[in-house]
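K.L.:
Structure file protein37.txt (compact mmCIF, C-alpha atoms (C1' of nucleotides)) right here:
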```txt
# COMPACT_ATOMS: atom_id res chain seq x y z
CA MET K 7 94.32 44.36 19.60
CA HIS K 8 94.83 45.14 15.99
CA LEU K 9 98.18 46.25 14.82
CA ASP K 10 100.36 47.81 12.21
CA GLU K 11 100.08 45.32 9.43
CA PRO K 12 100.03 41.54 9.97
CA MET K 13 97.17 39.07 9.86
CA GLY K 14 96.69 37.42 6.58
CA ILE K 15 94.96 34.11 6.31
CA PHE K 16 98.19 32.20 6.96
CA SER K 17 100.93 32.50 9.57
CA LYS K 18 104.24 34.08 8.68
CA THR K 19 105.84 30.67 8.93
CA CYS K 20 103.46 29.48 6.24
CA GLU K 21 103.97 32.55 4.09
CA TYR K 22 107.73 32.05 4.16
CA ALA K 23 107.26 28.38 3.34
CA MET K 24 105.09 29.12 0.30
CA ARG K 25 107.45 31.76 -1.05
CA ALA K 26 110.52 29.61 -0.42
CA VAL K 27 109.06 26.58 -2.17
CA PHE K 28 108.09 28.63 -5.22
CA TYR K 29 111.62 29.98 -5.33
CA ILE K 30 113.19 26.55 -4.95
CA ALA K 31 110.90 25.21 -7.66
CA GLN K 32 112.04 27.87 -10.07
CA LYS K 33 115.71 27.10 -9.45
CA SER K 34 115.08 23.39 -9.75
CA GLU K 35 113.47 23.92 -13.13
CA GLU K 36 116.66 25.69 -14.11
CA GLY K 37 118.60 22.67 -12.89
CA GLN K 38 120.12 24.32 -9.85
CA LYS K 39 120.14 23.61 -6.14
CA VAL K 40 119.91 26.65 -3.96
CA GLY K 41 121.28 27.49 -0.51
CA ILE K 42 119.38 29.01 2.37
CA ARG K 43 121.18 32.32 2.15
CA GLU K 44 120.10 32.87 -1.42
CA ILE K 45 116.53 31.79 -0.77
CA ALA K 46 116.21 34.04 2.26
CA LEU K 47 117.59 36.93 0.27
CA HIS K 48 115.16 36.50 -2.58
CA ILE K 49 112.00 35.89 -0.62
CA ASN K 50 112.87 38.39 2.10
CA SER K 51 112.78 36.17 5.15
CA PRO K 52 115.05 35.82 8.21
CA GLU K 53 117.62 33.25 7.21
CA PRO K 54 117.85 31.12 10.39
CA PHE K 55 114.10 31.03 10.77
CA LEU K 56 113.68 29.96 7.20
CA ALA K 57 116.25 27.23 7.84
CA LYS K 58 113.95 25.73 10.43
CA ILE K 59 111.02 25.80 8.09
CA LEU K 60 112.93 24.17 5.25
CA GLN K 61 114.26 21.53 7.61
CA LYS K 62 110.72 20.60 8.44
CA LEU K 63 109.58 20.51 4.83
CA SER K 64 112.65 18.48 3.99
CA LYS K 65 111.98 16.02 6.79
CA ASP K 66 108.43 15.66 5.54
CA GLY K 67 109.75 14.89 2.07
CA LEU K 68 108.14 17.93 0.46
CA ILE K 69 111.47 19.29 -0.68
CA LEU K 70 114.85 17.63 -1.04
CA SER K 71 118.25 18.74 0.17
CA SER K 72 121.90 17.83 -0.08
CA LYS K 73 124.83 18.99 1.99
CA GLY K 74 128.26 20.08 0.99
CA PRO K 75 129.56 22.24 -1.82
CA ASN K 76 127.05 22.65 -4.63
CA GLY K 77 124.46 21.37 -2.22
CA GLY K 78 121.24 23.08 -1.32
CA PHE K 79 117.52 22.62 -1.54
CA TYR K 80 115.68 21.43 -4.60
CA VAL K 81 112.60 19.56 -5.78
CA ASP K 82 112.39 16.80 -8.33
CA SER K 83 109.94 16.68 -11.20
CA GLY K 84 107.41 14.92 -8.98
CA GLY K 85 107.72 17.71 -6.44
CA LEU K 86 106.90 20.30 -9.07
CA GLN K 87 103.56 18.59 -9.55
CA ARG K 88 102.62 18.67 -5.89
CA PRO K 89 99.90 21.11 -4.84
CA LEU K 90 100.64 24.06 -2.59
CA ALA K 91 98.11 22.52 -0.22
CA ASP K 92 100.76 20.00 0.84
CA ILE K 93 103.01 22.80 2.03
CA VAL K 94 100.27 24.59 3.91
CA ARG K 95 99.09 21.39 5.52
CA ALA K 96 102.63 20.53 6.66
CA ILE K 97 103.00 23.91 8.34
CA GLU K 98 99.51 24.74 9.59
CA GLY K 99 98.05 21.32 10.07
CA ASP K 100 94.60 20.29 9.00
CA SER K 101 92.52 22.68 11.03
CA ILE K 102 92.62 25.45 8.47
CA PHE K 103 90.90 23.03 6.12
CA THR K 104 88.44 21.69 8.63
CA GLY K 105 88.21 23.82 11.79
CA CYS K 106 85.21 25.87 12.88
CA GLY K 107 85.32 29.51 11.84
CA MET K 108 84.04 30.63 15.22
CA GLY K 109 86.36 28.32 17.15
CA LEU K 110 83.63 26.01 18.43
CA SER K 111 84.96 22.55 19.12
CA TYR K 112 81.58 20.86 18.98
CA CYS K 113 80.94 22.21 15.52
CA SER K 114 80.76 19.53 12.85
CA GLU K 115 78.70 18.42 9.91
CA SER K 116 76.23 16.67 12.18
CA ASN K 117 76.18 19.40 14.83
CA PRO K 118 76.95 22.60 12.94
CA CYS K 119 77.47 26.06 14.43
CA PRO K 120 75.46 28.99 13.06
CA LEU K 121 78.05 29.93 10.49
CA HIS K 122 79.04 26.40 9.55
CA GLU K 123 77.65 26.31 6.03
CA ASP K 124 79.04 29.69 5.07
CA PHE K 125 82.47 28.78 6.35
CA LYS K 126 82.35 25.52 4.53
CA LYS K 127 82.03 27.33 1.24
CA VAL K 128 84.93 29.63 2.01
CA ARG K 129 87.12 26.78 3.10
CA GLY K 130 86.16 24.84 0.03
CA GLN K 131 87.40 27.66 -2.11
CA ILE K 132 90.67 27.89 -0.19
CA VAL K 133 91.16 24.16 -0.68
CA VAL K 134 90.45 24.45 -4.40
CA MET K 135 92.93 27.27 -4.68
CA LEU K 136 95.65 25.41 -2.80
CA GLN K 137 95.02 22.15 -4.65
CA ASN K 138 95.00 23.79 -8.06
CA THR K 139 98.19 25.70 -7.45
CA LEU K 140 101.01 23.34 -8.24
CA ILE K 141 104.41 24.12 -6.80
CA GLY K 142 105.88 24.62 -10.25
CA LYS K 143 102.98 26.75 -11.45
CA PHE K 144 104.80 30.06 -11.57
CA ASN K 145 108.13 28.89 -12.87
CA GLU K 146 107.87 30.51 -16.27
CA GLY K 147 106.77 33.82 -14.82
CA LEU K 148 109.51 33.73 -12.22
CA ILE K 149 112.21 32.76 -14.68
CA ALA K 150 111.07 35.45 -17.08
CA GLY K 151 111.24 37.94 -14.23
CA GLN K 152 107.61 38.95 -14.55
CA LEU K 153 106.97 37.78 -11.01
CA THR K 154 108.90 38.24 -7.79
CA LEU K 155 108.69 36.72 -4.33
CA ASN K 156 110.48 39.35 -2.29
CA LYS K 157 108.83 42.01 -0.17
CA MET X 14 105.49 24.14 14.35
CA HIS X 15 101.95 22.90 14.19
CA LEU X 16 100.11 22.07 17.32
CA ASP X 17 97.21 20.46 19.08
CA GLU X 18 94.27 22.28 17.60
CA PRO X 19 94.27 26.04 16.91
CA MET X 20 94.55 27.99 13.66
CA GLY X 21 91.27 28.90 12.17
CA ILE X 22 90.95 31.80 9.79
CA PHE X 23 90.46 34.28 12.62
CA SER X 24 92.31 34.92 15.87
CA LYS X 25 90.86 33.70 19.15
CA THR X 26 90.15 37.30 20.07
CA CYS X 27 88.03 37.57 16.96
CA GLU X 28 86.30 34.26 17.58
CA TYR X 29 85.34 35.34 21.10
CA ALA X 30 84.12 38.65 19.73
CA MET X 31 81.87 36.99 17.15
CA ARG X 32 80.38 34.53 19.60
CA ALA X 33 79.87 37.22 22.26
CA VAL X 34 78.13 39.58 19.90
CA PHE X 35 75.75 36.84 18.70
CA TYR X 36 74.96 36.06 22.31
CA ILE X 37 74.40 39.70 23.23
CA ALA X 38 72.19 40.12 20.17
CA GLN X 39 70.03 37.24 21.26
CA LYS X 40 69.57 38.68 24.75
CA SER X 41 68.88 42.12 23.33
CA GLU X 42 66.13 40.70 21.16
CA GLU X 43 64.66 39.28 24.35
CA GLY X 44 64.85 42.75 25.89
CA GLN X 45 67.66 41.97 28.32
CA LYS X 46 71.07 43.40 29.00
CA VAL X 47 73.69 40.86 29.88
CA GLY X 48 76.79 40.94 32.11
CA ILE X 49 80.25 39.74 31.22
CA ARG X 50 80.09 36.77 33.55
CA GLU X 51 77.04 35.35 31.83
CA ILE X 52 78.38 35.97 28.36
CA ALA X 53 81.72 34.35 29.16
CA LEU X 54 79.90 31.37 30.61
CA HIS X 55 77.70 30.85 27.59
CA ILE X 56 80.28 31.36 24.87
CA ASN X 57 83.04 29.59 26.79
CA SER X 58 85.65 32.31 26.95
CA PRO X 59 87.97 33.61 29.69
CA GLU X 60 85.96 36.30 31.44
CA PRO X 61 88.61 39.03 31.95
CA PHE X 62 89.92 38.62 28.43
CA LEU X 63 86.44 38.88 27.04
CA ALA X 64 85.97 42.05 29.09
CA LYS X 65 88.79 43.67 27.16
CA ILE X 66 87.32 42.67 23.86
CA LEU X 67 83.87 43.98 24.73
CA GLN X 68 85.36 47.21 26.01
CA LYS X 69 86.91 47.75 22.62
CA LEU X 70 83.73 46.93 20.73
CA SER X 71 81.85 49.21 23.06
CA LYS X 72 84.29 52.05 22.56
CA ASP X 73 83.94 51.59 18.82
CA GLY X 74 80.17 51.86 19.16
CA LEU X 75 79.51 48.35 17.86
CA ILE X 76 77.79 47.31 21.07
CA LEU X 77 76.34 49.37 23.90
CA SER X 78 76.82 49.07 27.64
CA SER X 79 75.52 50.46 30.87
CA LYS X 80 76.98 50.20 34.34
CA GLY X 81 75.32 49.49 37.63
CA PRO X 82 72.61 47.06 38.68
CA ASN X 83 70.61 45.75 35.74
CA GLY X 84 73.39 47.03 33.54
CA GLY X 85 75.31 45.05 31.01
CA PHE X 86 75.98 44.85 27.32
CA TYR X 87 73.34 45.11 24.64
CA VAL X 88 72.68 46.19 21.07
CA ASP X 89 69.87 48.36 19.77
CA SER X 90 67.73 47.52 16.76
CA GLY X 91 70.22 49.26 14.48
CA GLY X 92 72.98 47.12 15.91
CA LEU X 93 71.09 43.95 15.06
CA GLN X 94 71.20 44.99 11.41
CA ARG X 95 74.96 45.49 11.35
CA PRO X 96 77.03 42.93 9.47
CA LEU X 97 79.45 40.63 11.25
CA ALA X 98 82.11 42.21 9.05
CA ASP X 99 82.05 45.27 11.31
CA ILE X 100 83.05 43.14 14.30
CA VAL X 101 85.81 41.35 12.43
CA ARG X 102 87.17 44.59 11.03
CA ALA X 103 87.22 46.17 14.48
CA ILE X 104 89.26 43.29 15.87
CA GLU X 105 91.47 42.19 12.99
CA GLY X 106 91.76 45.38 11.04
CA ASP X 107 91.47 45.62 7.30
CA SER X 108 94.32 43.36 6.30
CA ILE X 109 92.27 40.19 6.36
CA PHE X 110 90.10 41.80 3.70
CA THR X 111 92.91 43.24 1.66
CA GLY X 112 96.32 41.77 2.58
CA CYS X 113 98.44 39.54 0.36
CA GLY X 114 98.00 35.84 0.97
CA MET X 115 101.71 35.24 0.72
CA GLY X 116 102.61 38.20 2.90
CA LEU X 117 104.17 40.27 0.13
CA SER X 118 103.95 43.96 0.85
CA TYR X 119 104.43 45.05 -2.74
CA CYS X 120 101.47 42.95 -3.86
CA SER X 121 98.59 45.00 -5.18
CA GLU X 122 96.13 45.18 -8.00
CA SER X 123 98.65 46.92 -10.22
CA ASN X 124 101.62 44.80 -9.13
CA PRO X 125 100.10 41.45 -8.16
CA CYS X 126 101.92 38.48 -6.64
CA PRO X 127 101.57 35.05 -8.29
CA LEU X 128 98.59 34.06 -6.19
CA HIS X 129 96.91 37.44 -6.16
CA GLU X 130 93.89 36.61 -8.30
CA ASP X 131 93.13 33.36 -6.52
CA PHE X 132 93.35 35.01 -3.14
CA LYS X 133 91.13 37.80 -4.30
CA LYS X 134 88.35 35.34 -4.98
CA VAL X 135 88.72 33.72 -1.58
CA ARG X 136 88.76 37.02 0.19
CA GLY X 137 85.77 38.16 -1.81
CA GLN X 138 83.84 35.20 -0.56
CA ILE X 139 84.87 35.86 3.03
CA VAL X 140 83.68 39.44 2.66
CA VAL X 141 80.37 38.31 1.20
CA MET X 142 79.92 35.90 4.08
CA LEU X 143 80.71 38.51 6.71
CA GLN X 144 78.61 41.19 5.06
CA ASN X 145 75.61 38.93 4.61
CA THR X 146 75.66 37.70 8.17
CA LEU X 147 73.83 40.29 10.22
CA ILE X 148 74.48 40.34 13.93
CA GLY X 149 70.89 39.39 14.70
CA LYS X 150 70.81 36.65 12.08
CA PHE X 151 70.75 33.71 14.44
CA ASN X 152 68.48 35.11 17.11
CA GLU X 153 65.55 32.81 16.40
CA GLY X 154 67.71 29.73 16.35
CA LEU X 155 69.50 30.74 19.51
CA ILE X 156 66.32 31.60 21.37
CA ALA X 157 64.73 28.36 20.28
CA GLY X 158 67.78 26.53 21.57
CA GLN X 159 68.54 24.93 18.20
CA LEU X 160 71.92 26.67 18.16
CA THR X 161 74.57 27.15 20.80
CA LEU X 162 77.69 29.27 21.08
CA ASN X 163 79.57 27.38 23.75
CA LYS X 164 82.40 24.99 23.15
C1' DT L 3 142.88 13.68 3.18
C1' DA L 4 142.30 18.53 4.24
C1' DA L 5 139.66 22.53 3.42
C1' DA L 6 135.50 24.46 2.15
C1' DT L 7 130.68 24.34 1.86
C1' DA L 8 126.10 23.66 3.31
C1' DA L 9 122.38 21.58 5.86
C1' DA L 10 120.90 19.68 10.63
C1' DA L 11 120.26 20.29 15.28
C1' DG L 12 120.02 22.38 19.71
C1' DA L 13 119.64 26.03 22.76
C1' DT L 14 118.20 30.92 23.42
C1' DA L 15 116.04 35.35 22.87
C1' DA L 16 112.57 38.76 21.49
C1' DA L 17 107.93 39.98 20.24
C1' DA L 18 103.14 39.26 19.99
C1' DA L 19 98.95 37.15 21.47
C1' DA L 20 96.29 35.33 25.00
C1' DC L 21 95.00 35.59 29.48
C1' DT L 22 94.63 37.35 34.64
C1' DC L 23 94.26 40.32 38.52
C1' DT L 24 93.30 44.64 40.96
C1' DT L 25 91.54 49.11 41.35
C1' DT L 26 88.47 52.69 39.84
C1' DT L 27 84.27 54.76 38.24
C1' DA L 28 79.52 54.97 37.24
C1' DT L 29 74.78 53.61 38.13
C1' DT L 30 70.95 51.83 40.44
C1' DT L 31 67.93 50.70 44.09
C1' DA L 32 66.82 50.01 48.73
C1' DT N 26 72.86 58.35 50.86
C1' DA N 27 74.82 53.79 51.48
C1' DA N 28 75.32 49.31 49.57
C1' DA N 29 75.41 46.55 45.69
C1' DT N 30 76.25 45.89 40.97
C1' DA N 31 78.65 46.06 36.77
C1' DA N 32 81.64 48.05 33.32
C1' DA N 33 86.26 50.66 32.56
C1' DA N 34 90.93 50.96 33.06
C1' DG N 35 95.55 49.77 34.21
C1' DA N 36 99.14 46.82 35.26
C1' DG N 37 100.81 42.43 35.13
C1' DT N 38 101.72 37.19 33.66
C1' DT N 39 101.90 33.24 30.63
C1' DT N 40 102.10 31.06 26.29
C1' DT N 41 102.93 30.95 21.48
C1' DT N 42 105.08 32.61 17.56
C1' DT N 43 108.82 34.52 15.40
C1' DA N 44 113.57 35.11 15.16
C1' DT N 45 118.66 34.35 16.32
C1' DC N 46 122.97 32.18 17.49
C1' DT N 47 126.16 28.33 17.96
C1' DT N 48 127.68 23.78 17.27
C1' DT N 49 127.62 19.52 14.75
C1' DT N 50 127.40 16.48 10.83
C1' DA N 51 127.64 15.40 6.08
C1' DT N 52 129.44 16.08 1.40
C1' DT N 53 132.35 17.63 -2.15
C1' DT N 54 136.39 18.94 -4.48
C1' DA N 55 141.00 20.29 -4.81
```
Rewrite the coordinates I just gave you, this time as structure tokens.

P.N.:
Amino acid sequence: MHLDEPMGIFSKTCEYAMRAVFYIAQKSEEGQKVGIREIALHINSPEPFLAKILQKLSKDGLILSSKGPNGGFYVDSGGLQRPLADIVRAIEGDSIFTGCGMGLSYCSESNPCPLHEDFKKVRGQIVVMLQNTLIGKFNEGLIAGQLTLNK
Amino acid sequence: MHLDEPMGIFSKTCEYAMRAVFYIAQKSEEGQKVGIREIALHINSPEPFLAKILQKLSKDGLILSSKGPNGGFYVDSGGLQRPLADIVRAIEGDSIFTGCGMGLSYCSESNPCPLHEDFKKVRGQIVVMLQNTLIGKFNEGLIAGQLTLNK
DNA sequence: TAAATAAAAGATAAAAAACTCTTTTATTTA
DNA sequence: TAAATAAAAGAGTTTTTTATCTTTTATTTA
């Protein structure tokens, strides 16, 4: 019913995605592409599972990739300016931004559930956070080694 | 990867728990105990699954129960004054209040991850919301029929 | 053009969450 | 005290999420 440790706000899939994209962004700023093995190592995620996630982000155009030697994942300068919200939305869908906190399907602006207004505020703040956090936001800190993305 | 509808902030288990407790609180205010069947019906949850959830809440002392005819679940006047946070904590554990948004286990006040401060604000607001929402908060609205807890 | 590299894709497996069913125990009331 | 009621408890099942393994395709460079 409630266990050892999990349960943040986001799924593990989404957590891996966020960490991976920050890592890729850092390497891109340094002018390098980076392979899955290295990413997985540095953000502490299972490599094949991460591969799936990055494939999806790549297909959605949120990150770029190239095959072959010296290939790997990267983002261009436009990508560095994208908000983290794009990543979360690609993985979790819209419902985290819009769904009812109590899971009521009827709940909406015009027919709100008891907690609707309170949840709206919380969600608003999550959206602000995810919109304000650009993918390249932590590059300096990461490059300088003041920040890490591994467990 | 991302599906038809789910993914709120809380698990379904937790959503059912919140809705059920609001419903029980309403009935308790009206002086009635209420059986699982009726609760499940009114909050739109699978009855046997809900039974498990209520058993846990009951064991934790967050709601009360009595067996036999005219038995059922209820809360006393003290229970009506409890915050919703108690319910959520019983189901989800503490991590939703304290865990790292990016799933980093090292992340803490003294060794924060890149998003630590932003997440702290969001979590603070969730806590405020859950602490300010007392279990009996919506009784009038529910009794008057202005609010519902079903899908 | 061959060898090496790296992502893409597909198929499976394990773990957790959500859900169901059956039996037992306690309580009430007729 | 017997019958009815309702929660408690235990033992499954199903679905979803998380994770793994294998094969294929594309690209580069030597």

K.L.:
I need the contact residues of chain K against chain X, so if you could list those with any atom within 8 Å, counting all atoms listed in the file, and return them as a PyMOL selection string, that would help.

P.N.:
chain K and resi 7-9+11-16+18+21-22+24-25+96-99+101-102+105-112+119-120+124-125+128+131-132+135+144+153-157

K.L.:
Let me see the file: selected residues, C-alpha atoms, as a PDB file, in the frame of the given file.

P.N.:
```
ATOM      1  CA  MET K   7      94.320  44.360  19.600  1.00  0.00           C
ATOM      2  CA  HIS K   8      94.830  45.140  15.990  1.00  0.00           C
ATOM      3  CA  LEU K   9      98.180  46.250  14.820  1.00  0.00           C
ATOM      4  CA  GLU K  11     100.080  45.320   9.430  1.00  0.00           C
ATOM      5  CA  PRO K  12     100.030  41.540   9.970  1.00  0.00           C
ATOM      6  CA  MET K  13      97.170  39.070   9.860  1.00  0.00           C
ATOM      7  CA  GLY K  14      96.690  37.420   6.580  1.00  0.00           C
ATOM      8  CA  ILE K  15      94.960  34.110   6.310  1.00  0.00           C
ATOM      9  CA  PHE K  16      98.190  32.200   6.960  1.00  0.00           C
ATOM     10  CA  LYS K  18     104.240  34.080   8.680  1.00  0.00           C
ATOM     11  CA  GLU K  21     103.970  32.550   4.090  1.00  0.00           C
ATOM     12  CA  TYR K  22     107.730  32.050   4.160  1.00  0.00           C
ATOM     13  CA  MET K  24     105.090  29.120   0.300  1.00  0.00           C
ATOM     14  CA  ARG K  25     107.450  31.760  -1.050  1.00  0.00           C
ATOM     15  CA  ALA K  96     102.630  20.530   6.660  1.00  0.00           C
ATOM     16  CA  ILE K  97     103.000  23.910   8.340  1.00  0.00           C
ATOM     17  CA  GLU K  98      99.510  24.740   9.590  1.00  0.00           C
ATOM     18  CA  GLY K  99      98.050  21.320  10.070  1.00  0.00           C
ATOM     19  CA  SER K 101      92.520  22.680  11.030  1.00  0.00           C
ATOM     20  CA  ILE K 102      92.620  25.450   8.470  1.00  0.00           C
ATOM     21  CA  GLY K 105      88.210  23.820  11.790  1.00  0.00           C
ATOM     22  CA  CYS K 106      85.210  25.870  12.880  1.00  0.00           C
ATOM     23  CA  GLY K 107      85.320  29.510  11.840  1.00  0.00           C
ATOM     24  CA  MET K 108      84.040  30.630  15.220  1.00  0.00           C
ATOM     25  CA  GLY K 109      86.360  28.320  17.150  1.00  0.00           C
ATOM     26  CA  LEU K 110      83.630  26.010  18.430  1.00  0.00           C
ATOM     27  CA  SER K 111      84.960  22.550  19.120  1.00  0.00           C
ATOM     28  CA  TYR K 112      81.580  20.860  18.980  1.00  0.00           C
ATOM     29  CA  CYS K 119      77.470  26.060  14.430  1.00  0.00           C
ATOM     30  CA  PRO K 120      75.460  28.990  13.060  1.00  0.00           C
ATOM     31  CA  ASP K 124      79.040  29.690   5.070  1.00  0.00           C
ATOM     32  CA  PHE K 125      82.470  28.780   6.350  1.00  0.00           C
ATOM     33  CA  VAL K 128      84.930  29.630   2.010  1.00  0.00           C
ATOM     34  CA  GLN K 131      87.400  27.660  -2.110  1.00  0.00           C
ATOM     35  CA  ILE K 132      90.670  27.890  -0.190  1.00  0.00           C
ATOM     36  CA  MET K 135      92.930  27.270  -4.680  1.00  0.00           C
ATOM     37  CA  PHE K 144     104.800  30.060 -11.570  1.00  0.00           C
ATOM     38  CA  LEU K 153     106.970  37.780 -11.010  1.00  0.00           C
ATOM     39  CA  THR K 154     108.900  38.240  -7.790  1.00  0.00           C
ATOM     40  CA  LEU K 155     108.690  36.720  -4.330  1.00  0.00           C
ATOM     41  CA  ASN K 156     110.480  39.350  -2.290  1.00  0.00           C
ATOM     42  CA  LYS K 157     108.830  42.010  -0.170  1.00  0.00           C
TER      43      LYS K 157
END
```

K.L.:
With a cut-off of 10 Å and counting all atoms listed in the file, select all residues of chain L in contact with chain X and give the selection as a ChimeraX atom specification.

P.N.:
/L:19-23,27-31

K.L.:
List as CSV every residue of chain N that is in contact with chain X, defined as an atom at most 10 Å from one of its atoms (using only C-alpha atoms (C1' of nucleotides)), together with the nearest atom pair and the distance in Å rounded to one decimal, sorted by chain and then rising number.

P.N.:
```
residue,atom,partner,partner_atom,distance
N:DA29,C1',X:Pro82,CA,7.6
N:DT30,C1',X:Pro82,CA,4.5
N:DA31,C1',X:Gly81,CA,4.9
N:DA32,C1',X:Lys80,CA,5.2
N:DA33,C1',X:Gln68,CA,7.5
N:DA34,C1',X:Lys65,CA,9.6
N:DT42,C1',X:Met14,CA,9.1
```

K.L.:
Between CA of Val34 in chain X and C1' of DT40 in chain N, measure the distance and give it in Å to one decimal.

P.N.:
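Those two atoms sit 26.2 Å apart.
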
K.L.:
Please measure the separation of C1' of DT3 in chain L and C1' of DT49 in chain N, giving the value in Å to one decimal.

P.N.:
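Those two atoms sit 20.0 Å apart.
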
K.L.:
Between C1' of DT7 in chain L and CA of Lys39 in chain K, what is the distance, to one decimal in Å?

P.N.:
13.3 Å

K.L.:
Please provide the set of residues having any atom within 10 Å of DA16 in chain L, restricted to only C-alpha atoms (C1' of nucleotides), with same-chain residues fewer than 5 positions apart removed, written as number ranges by chain.

P.N.:
N: 43-45

K.L.:
Once you count all atoms listed in the file, which residues end up no further than 10 Å from (120.0, 29.8, 25.3) in the file's frame, shown as a PyMOL selection string?

P.N.:
(chain L and resi 12-15) or (chain N and resi 46-47)

K.L.:
Within 6 Å of (82.4, 41.2, 7.8) in the file's own coordinates, which protein, DNA or RNA residues have an atom, counting only C-alpha atoms (C1' of nucleotides)? List them as number ranges by chain.

P.N.:
X: 96-99, 101, 140, 143-144
